[in-house]
Structure formats: structure tokens, C-alpha cells
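Q: The structure follows.
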Amino acid sequence: MSKLQIHQIRNATIIVTYNNKRFLIDPWLMPKDYMAGFDAGVNSNIRQPRVELPISIEKIVDVDAVILTHYHPDHWDEFAAKAINKNIPFFVQSEFDKDIIEKQGFQDVRVISENGTDFEGIKLYKTNGQHGKREIVKPLCEQVGMPYDAMGVVFKSENEKILYVAGDTIWCEEVKIALDKHNPDIIVTNSCGATLINGERLIMNLEDMKEIVAYSKNSKIVASHMDTVSHLTVTRDDIKNLKLENVLVPDDNQILVF
């Protein structure tokens, strides 16, 4: 059996080694402080990313495939578009996102299906979530012309444990459905509690982490999307201080092996 690895790069950018294939997920590769804070979020005066990349872009993009969970500016940027091989297999959540990525010159863009999409002996499944409470946050996204939806991805193979990368979502019914359907051994959560100025969280906060841990007692949970965006409200130390069983909080450039 090969070794499943999760290499925490920065923010939601991770490299997953699965069935001996390397997947780059949500590459946000700009330098520290390159971008202004999000106007609609708390701490909008803080520039982002708050930290530099821990390794070179050349090393980060040396992978077999790319997965973009959603087209938001803290998950994809012009530095990634420039650095990544335009012929690489590139997985997205929708025809909308596929069209955007193809217009940036990528030649092999594929939409992941909820029923499973095959790649090199691996089955990838799209899962759903709520990027903040749907009834509140979706209309706000539509007002500013930004897509609301963000997928999660489940990895399955005969040779590996089941991995669920939940993506940008709060704890919600859609996440429970994904957990019940796929019964993952390992879950990656985006957990910095990114919050709008109206107080609505966009991704998991401490209470959400408690919920998913209670619901998934037999899974290892990896907290990602930490300590980098302007509008965070939860830090790595906050999660560590909860002392939740089975929760791992990797530092940037740390590699977890399962």
C-alpha cells in the first residue's frame, strides 16, 4: 500500500499524494501582502496573504494534476495560472469554472461528478457544502458577481484510505451527507473561521470543528486554510487549544503521512 500524504503548503493550498499521484489543490501562489484584504470581510485593513510561501513555486507545481474547488481569489491567482503546465489534467466543480480555466489557456479541464470521475486508478467524487449559510451568503455573492458554490472532493482507490477534502464550507447538512455517503478515514477541513463584516462565517470555525469531530469519531481530521487570509477569526493555536481528539493542525510546509 502506498503512503497517502497531505503536504500543507499555505492557506487552502495543499499537495495530496494519493495512489502515487500528486494533486495540487487550490493553488494561491502570490507573495505575502500582494493583495488587499477583502472589503466584505472582517480585518479588511490587513493585506494578504499574511505569510510567504514556504517553498518555491517550481516545487509546488511539480504535480500530476490540479484540483480547483472554486474560483475565488484566495484559492487561485495569476501566479498559479502562469506557473502551472497548461496541459496538466485540471479538475473543477462546474462548467462555469471550466470555462474560466480554459480561457486562461488550460487544455485538459475536467468537471468532477458527484457519481465519480476516474483518474489513474483513482475515483474522485464531487461533494457539496455551504460556503457560509446559503440563504444569507449566496445573495451577497451574487450582488458582487462572485460565484457562491465551492465543492469538496472525495478520493477513493483500492490501495488507499478514503480521503475527503471538504473545501470551503461550514458544518451543514451537505457535509453530513458527504460523510454518511463516503465514510472517509481522513477529512481535511478549511477552519480559519473566515468571517464577513455582518458576522457570518464562510468556512468552519471552532464550533464547526467540534461538530465534525463529534460526528466523525473514527476519522482523522486535518485543519487547513489557517493563518493566512485577512478575514480569519480562528488561528492554529485556537484549534490546538481545544485539544480535540483526532484533529491535526499542520504548519505550513508540514507533510502528514497516513
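As shown in the C-alpha cells, the chain order sets the letters A, B, ...; within each chain, residues go from 1, and ligands are also counted from 1 in the order they appear.
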If we count only C-alpha atoms and set the cut-off at 7 Å, which residues sit around A:Arg110, ignoring sequence neighbours fewer than 5 positions away in its own chain? Please answer as a list in words.
A: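 Listed by chain and then number, they are Phe90, Phe91 and Val92 of chain A.
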Q: Any chance you could tabulate, as CSV, the residues of stretch 183-216 of chain A at most 12 Å from stretch 35-40 of chain A with each one's nearest atom pair and distance in Å to one decimal, using only C-alpha atoms, in chain and rising number order?
A:
```
residue,atom,partner,partner_atom,distance
A:Ala194,CA,A:Phe38,CA,10.4
A:Thr195,CA,A:Ala40,CA,8.7
A:Leu196,CA,A:Ala40,CA,5.6
A:Ile197,CA,A:Ala40,CA,5.9
A:Asn198,CA,A:Ala40,CA,8.3
A:Gly199,CA,A:Ala40,CA,10.3
A:Glu200,CA,A:Ala40,CA,10.6
A:Arg201,CA,A:Ala40,CA,11.6
A:Leu202,CA,A:Ala40,CA,11.3
```
Q: Excluding A:Gln107 and residues on its chain fewer than 2 positions from it, collect all residues at most 9 Å away from it, counting only C-alpha atoms, and give them as JSON, numbers by chain.
A: {"A": [86, 87, 88, 89, 90, 101, 102, 105, 109]}
Q: Contacts of A:Lys243 at 12 Å or less, counting only C-alpha atoms, minus same-chain residues fewer than 6 places along, as a PyMOL selection string?
A: chain A and resi 206+209-210+213+236-237+249
Q: Among the residues of stretch 55-112 of chain A, find those DSSP assigns to alpha helix (DSSP H) from the backbone and print them as JSON, numbers by chain.
A: {"A": [57, 58, 59, 60, 78, 79, 80, 81, 82, 83, 95, 96, 97, 98, 99, 100, 101, 102, 103]}
Q: Between A:Glu120, A:Asp251, A:Asp108, A:Asp208, which one has atoms that come closest to A:Met226, using only C-alpha atoms?
A: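 Ranking A:Glu120, A:Asp251, A:Asp108, A:Asp208 by distance to A:Met226, first place goes to A:Asp251.
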Q: Given only C-alpha atoms as the basis, pick out the residue of A:Asn85, A:Tyr148, A:Glu52, A:Asp74 nearest to A:Glu135.
A: A:Tyr148
Q: Any idea what the distance is between atom CA of A:Leu248 and atom CA of A:Tyr215?
A: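 About the pair atom CA of A:Leu248 and atom CA of A:Tyr215: they are 16.3 Å apart.
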Q: Just asking: which residues within stretch 79-131 of chain A are strand (DSSP E) according to DSSP, as a PyMOL selection string?
A: chain A and resi 90-92+109-111+117-119+122-127
Q: Generate the output file for the selected residues, N, CA, C and O atoms, as a compact mmCIF listing (two decimals), in the first residue's frame.
A:
```txt
# COMPACT_ATOMS: atom_id res chain seq x y z
N PHE A 90 -6.73 19.00 -15.12
CA PHE A 90 -7.16 20.08 -14.23
C PHE A 90 -8.64 19.86 -13.92
O PHE A 90 -9.48 19.93 -14.81
N PHE A 91 -8.95 19.61 -12.64
CA PHE A 91 -10.31 19.26 -12.23
C PHE A 91 -11.01 20.44 -11.56
O PHE A 91 -10.44 21.10 -10.69
N VAL A 92 -12.27 20.68 -11.96
CA VAL A 92 -13.08 21.78 -11.43
C VAL A 92 -14.47 21.27 -11.07
O VAL A 92 -14.84 20.14 -11.37
N VAL A 109 -9.24 20.38 -19.03
CA VAL A 109 -10.03 20.74 -17.86
C VAL A 109 -11.25 19.82 -17.78
O VAL A 109 -11.99 19.67 -18.75
N ARG A 110 -11.44 19.21 -16.60
CA ARG A 110 -12.50 18.20 -16.43
C ARG A 110 -13.37 18.56 -15.23
O ARG A 110 -12.85 18.99 -14.20
N VAL A 111 -14.66 18.37 -15.39
CA VAL A 111 -15.61 18.62 -14.30
C VAL A 111 -15.80 17.33 -13.50
O VAL A 111 -16.12 16.28 -14.06
N THR A 117 -15.48 10.43 -10.89
CA THR A 117 -14.71 10.68 -12.11
C THR A 117 -13.40 9.92 -11.98
O THR A 117 -12.70 10.05 -10.96
N ASP A 118 -13.06 9.11 -12.98
CA ASP A 118 -11.87 8.26 -12.92
C ASP A 118 -10.62 9.02 -13.33
O ASP A 118 -10.64 9.80 -14.28
N PHE A 119 -9.52 8.76 -12.60
CA PHE A 119 -8.22 9.31 -12.98
C PHE A 119 -7.12 8.41 -12.43
O PHE A 119 -6.93 8.31 -11.21
N ILE A 122 -7.81 6.11 -9.63
CA ILE A 122 -8.42 6.84 -8.51
C ILE A 122 -9.81 7.28 -8.94
O ILE A 122 -10.02 7.65 -10.09
N LYS A 123 -10.75 7.26 -8.00
CA LYS A 123 -12.09 7.79 -8.26
C LYS A 123 -12.22 9.08 -7.44
O LYS A 123 -12.02 9.09 -6.23
N LEU A 124 -12.55 10.17 -8.13
CA LEU A 124 -12.76 11.46 -7.49
C LEU A 124 -14.26 11.76 -7.49
O LEU A 124 -14.91 11.65 -8.53
N TYR A 125 -14.78 12.14 -6.34
CA TYR A 125 -16.20 12.45 -6.21
C TYR A 125 -16.38 13.89 -5.77
O TYR A 125 -15.76 14.33 -4.78
N LYS A 126 -17.22 14.63 -6.46
CA LYS A 126 -17.59 15.97 -6.01
C LYS A 126 -18.56 15.86 -4.84
O LYS A 126 -19.48 15.03 -4.85
N THR A 127 -18.36 16.70 -3.83
CA THR A 127 -19.32 16.80 -2.72
C THR A 127 -19.76 18.25 -2.59
O THR A 127 -19.11 19.17 -3.08
```
Q: Extract, using only C-alpha atoms, all DNA, RNA and protein residues at most 10 Å from A:Ser94, discarding same-chain residues fewer than 3 positions from it, and format them as a VMD selection string.
A: chain A and resid 69 to 70 91 97 to 99 110 to 113 126 149 to 151
Q: Closest to A:Gln130 among A:Asn159, A:Gln143, A:Thr235, A:Thr169, using only C-alpha atoms?
A: A:Thr169
